[in-house]
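Undergrad: Next up is a structure, given as structure tokens.
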Amino acid sequence: MDAFQEILTESVGLAIAKAFAAAGNQLPVEGTVFMSVSDPDKPAAREIARHLKDMRFEIVATEGTAKHLEEEGIPALHVYKVGEGPRPHVVDIIKNGGINLIINTPVGRTSRVDDKAIRTEAVSHGVPCVTTMEGAAAAVDGIRALRDGILQVKSLQEYHRTGI
């Protein structure tokens, strides 16, 4: 990898981490991730979950997502949707500070109630909420950048000294 490609690779994760922070939602470097994704997003969710598990995050998920992840060998604790089962449900867990990142890509009329409640609590408690798999992949890059300690400021002159 040449110096330019290295800077671009680092910059993507760095830019994502900075963007989340600027929006008031610091990406977590540890903790618990809630995942609830639509069926078309499940293959991508599997890869995202693997990366998160490699970084030692815990994963909690709604029934369908948890089942899919478990079938792929990725442990995930099942949590209930808002109107689905006994408490605590996902919104209760967010309110109690038990979720550090939300990846939520549901589709359909019934998911709108959960979506609104999840996003409302996420905003209220400063929990980053990602609603696309592309965004989730970017968030993972941002988390990796934060964990690797590359969140630093360099002047333009410093970049030019590397020969770019």
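All residue names refer to the structure tokens as shown: chains lettered A, B, ... in order, residues numbered from 1 in each chain, ligands numbered from 1 in order.
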Can you pull out the residues contacting A:Phe34? Cut-off 12 Å, using only C-alpha atoms, and skip same-chain residues under 6 positions away; I want them as a ChimeraX atom specification.
TA: /A:45,48-49,52,57-63,65-66,76-81,89-91,93-94,97-105,118,122,127-131,136
Undergrad: For the residues selected in the previous step, produce a file with N, CA and C atoms as a tab-separated table (two decimals), in the first residue's frame.
TA:
chain	number	residue	atom	x	y	z
A	45	ALA	N	-25.09	-7.86	7.58
A	45	ALA	CA	-25.09	-7.78	9.04
A	45	ALA	C	-24.18	-8.84	9.64
A	48	ILE	N	-20.67	-7.48	9.50
A	48	ILE	CA	-20.54	-6.40	10.48
A	48	ILE	C	-20.42	-7.00	11.88
A	49	ALA	N	-21.29	-7.96	12.19
A	49	ALA	CA	-21.28	-8.59	13.52
A	49	ALA	C	-19.95	-9.32	13.77
A	52	LEU	N	-17.45	-6.74	14.75
A	52	LEU	CA	-17.72	-6.26	16.10
A	52	LEU	C	-17.31	-7.29	17.15
A	57	PHE	N	-17.06	-6.73	21.15
A	57	PHE	CA	-18.36	-6.15	21.48
A	57	PHE	C	-19.34	-7.28	21.75
A	58	GLU	N	-20.29	-7.04	22.63
A	58	GLU	CA	-21.41	-7.95	22.83
A	58	GLU	C	-22.48	-7.55	21.82
A	59	ILE	N	-23.24	-8.52	21.35
A	59	ILE	CA	-24.31	-8.22	20.40
A	59	ILE	C	-25.63	-8.70	20.96
A	60	VAL	N	-26.61	-7.80	20.96
A	60	VAL	CA	-27.99	-8.16	21.27
A	60	VAL	C	-28.79	-7.86	20.02
A	61	ALA	N	-29.79	-8.67	19.76
A	61	ALA	CA	-30.53	-8.53	18.51
A	61	ALA	C	-31.96	-9.00	18.66
A	62	THR	N	-32.80	-8.51	17.77
A	62	THR	CA	-34.18	-9.00	17.72
A	62	THR	C	-34.16	-10.45	17.24
A	63	GLU	N	-35.28	-11.12	17.39
A	63	GLU	CA	-35.35	-12.55	17.17
A	63	GLU	C	-34.79	-13.01	15.82
A	65	THR	N	-32.87	-11.45	13.59
A	65	THR	CA	-31.45	-11.13	13.41
A	65	THR	C	-30.60	-12.01	14.30
A	66	ALA	N	-31.01	-12.20	15.55
A	66	ALA	CA	-30.24	-13.07	16.46
A	66	ALA	C	-30.16	-14.49	15.92
A	76	ALA	N	-25.38	-14.03	19.73
A	76	ALA	CA	-26.16	-12.81	19.90
A	76	ALA	C	-27.28	-13.10	20.89
A	77	LEU	N	-27.43	-12.23	21.85
A	77	LEU	CA	-28.49	-12.36	22.85
A	77	LEU	C	-29.78	-11.80	22.27
A	78	HIS	N	-30.85	-12.58	22.34
A	78	HIS	CA	-32.15	-12.13	21.82
A	78	HIS	C	-32.78	-11.15	22.79
A	79	VAL	N	-33.25	-10.00	22.24
A	79	VAL	CA	-34.03	-9.04	23.01
A	79	VAL	C	-35.35	-8.82	22.27
A	80	TYR	N	-36.36	-8.46	23.02
A	80	TYR	CA	-37.68	-8.26	22.44
A	80	TYR	C	-37.84	-6.88	21.83
A	81	LYS	N	-38.68	-6.82	20.80
A	81	LYS	CA	-39.11	-5.54	20.26
A	81	LYS	C	-40.07	-4.92	21.26
A	89	HIS	N	-37.62	-4.80	27.08
A	89	HIS	CA	-37.47	-4.82	25.62
A	89	HIS	C	-36.34	-3.87	25.26
A	90	VAL	N	-36.07	-3.75	23.98
A	90	VAL	CA	-34.90	-2.99	23.54
A	90	VAL	C	-34.90	-1.55	24.03
A	91	VAL	N	-36.04	-0.89	24.03
A	91	VAL	CA	-36.09	0.50	24.48
A	91	VAL	C	-35.76	0.59	25.97
A	93	ILE	N	-33.75	-1.34	27.57
A	93	ILE	CA	-32.31	-1.55	27.68
A	93	ILE	C	-31.55	-0.28	27.29
A	94	ILE	N	-32.02	0.41	26.25
A	94	ILE	CA	-31.39	1.68	25.86
A	94	ILE	C	-31.53	2.69	27.00
A	97	GLY	N	-29.08	2.37	29.75
A	97	GLY	CA	-27.66	2.53	29.41
A	97	GLY	C	-26.98	1.25	28.96
A	98	GLY	N	-27.75	0.25	28.56
A	98	GLY	CA	-27.17	-1.04	28.20
A	98	GLY	C	-26.80	-1.20	26.74
A	99	ILE	N	-27.03	-0.18	25.92
A	99	ILE	CA	-26.71	-0.24	24.49
A	99	ILE	C	-25.77	0.91	24.16
A	100	ASN	N	-24.68	0.61	23.44
A	100	ASN	CA	-23.70	1.63	23.09
A	100	ASN	C	-23.72	2.01	21.61
A	101	LEU	N	-24.33	1.16	20.77
A	101	LEU	CA	-24.45	1.43	19.33
A	101	LEU	C	-25.67	0.69	18.82
A	102	ILE	N	-26.41	1.33	17.93
A	102	ILE	CA	-27.61	0.73	17.35
A	102	ILE	C	-27.43	0.61	15.84
A	103	ILE	N	-27.69	-0.60	15.33
A	103	ILE	CA	-27.73	-0.84	13.89
A	103	ILE	C	-29.13	-1.36	13.60
A	104	ASN	N	-29.94	-0.53	12.93
A	104	ASN	CA	-31.36	-0.82	12.79
A	104	ASN	C	-31.81	-0.50	11.37
A	105	THR	N	-32.11	-1.55	10.58
A	105	THR	CA	-32.54	-1.34	9.19
A	105	THR	C	-33.85	-2.04	8.88
A	118	ILE	N	-37.02	3.47	19.21
A	118	ILE	CA	-35.57	3.22	19.30
A	118	ILE	C	-34.80	4.49	19.01
A	122	ALA	N	-32.44	6.62	21.47
A	122	ALA	CA	-31.04	6.77	21.07
A	122	ALA	C	-30.62	8.23	21.15
A	127	VAL	N	-26.88	7.71	22.06
A	127	VAL	CA	-26.41	6.44	21.51
A	127	VAL	C	-26.39	6.56	19.99
A	128	PRO	N	-25.25	6.33	19.35
A	128	PRO	CA	-25.20	6.39	17.89
A	128	PRO	C	-26.15	5.37	17.28
A	129	CYS	N	-26.89	5.79	16.26
A	129	CYS	CA	-27.87	4.92	15.61
A	129	CYS	C	-27.61	4.95	14.11
A	130	VAL	N	-27.37	3.77	13.54
A	130	VAL	CA	-27.07	3.64	12.12
A	130	VAL	C	-28.24	2.91	11.46
A	131	THR	N	-28.69	3.43	10.31
A	131	THR	CA	-29.89	2.86	9.69
A	131	THR	C	-29.64	2.21	8.33
A	136	ALA	N	-23.30	1.18	8.85
A	136	ALA	CA	-22.77	0.28	9.87
A	136	ALA	C	-21.31	-0.08	9.58
Undergrad: Which residues, written as a list in words, have at least one atom at most 9 Å from stretch 139-151 of chain A, with only C-alpha atoms counted and residues fewer than 3 positions away on the same chain left out?
TA: Glu10, Ser11, Val12, Gly13, Leu14, Ala15, Ile16, Ala17, Lys18, Phe20, Leu27, Pro28, Val29, Glu30, Ile48, His51, Leu52, Met55, Val130, Glu134, Gly135 and Ala136 of chain A
Undergrad: Could you pull out the helix (DSSP H, G or I) residues of chain A from DSSP and send them as number ranges by chain?
TA: A: 3-22, 39-54, 63-71, 90-95, 109-125, 133-147, 156-161
Undergrad: Calculated over only C-alpha atoms, which of the candidates A:Met35, A:Val123, A:Ile74, A:Ala137 has the smallest distance to A:Pro106?
TA: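 Using only C-alpha atoms, the shortest distance to A:Pro106 belongs to A:Met35.
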Undergrad: Enter the distance from atom CA of A:Val82 to atom CA of A:Asp114, in Å, rounded to one decimal.
TA: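 We find that atom CA of A:Val82 and atom CA of A:Asp114 lie 6.0 Å from each other.
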Undergrad: Give the answer as one residue: which of A:Ala44, A:Gln157, A:Gly85, A:Ser38 has the shortest atom-to-atom distance to A:Gly64, using only C-alpha atoms?
TA: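 Looking at the shortest contact to A:Gly64, the residue is A:Ser38.
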Undergrad: Hey, can you check how far atom CA of A:Lys53 sits from atom CA of A:Asp39?
TA: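 Value for the atom CA of A:Lys53-atom CA of A:Asp39 distance: 20.7 Å.
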Undergrad: Identify which of the residues A:Gly83, A:Gly126, A:Pro43, A:Pro75 lies closest to A:Lys95, counting only C-alpha atoms when measuring atom-to-atom distances.
TA: A:Gly126
Undergrad: What is the distance between atom CA of A:Gly24 and atom CA of A:Met133, in Å to one decimal?
TA: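 We find that atom CA of A:Gly24 and atom CA of A:Met133 lie 20.8 Å from each other.
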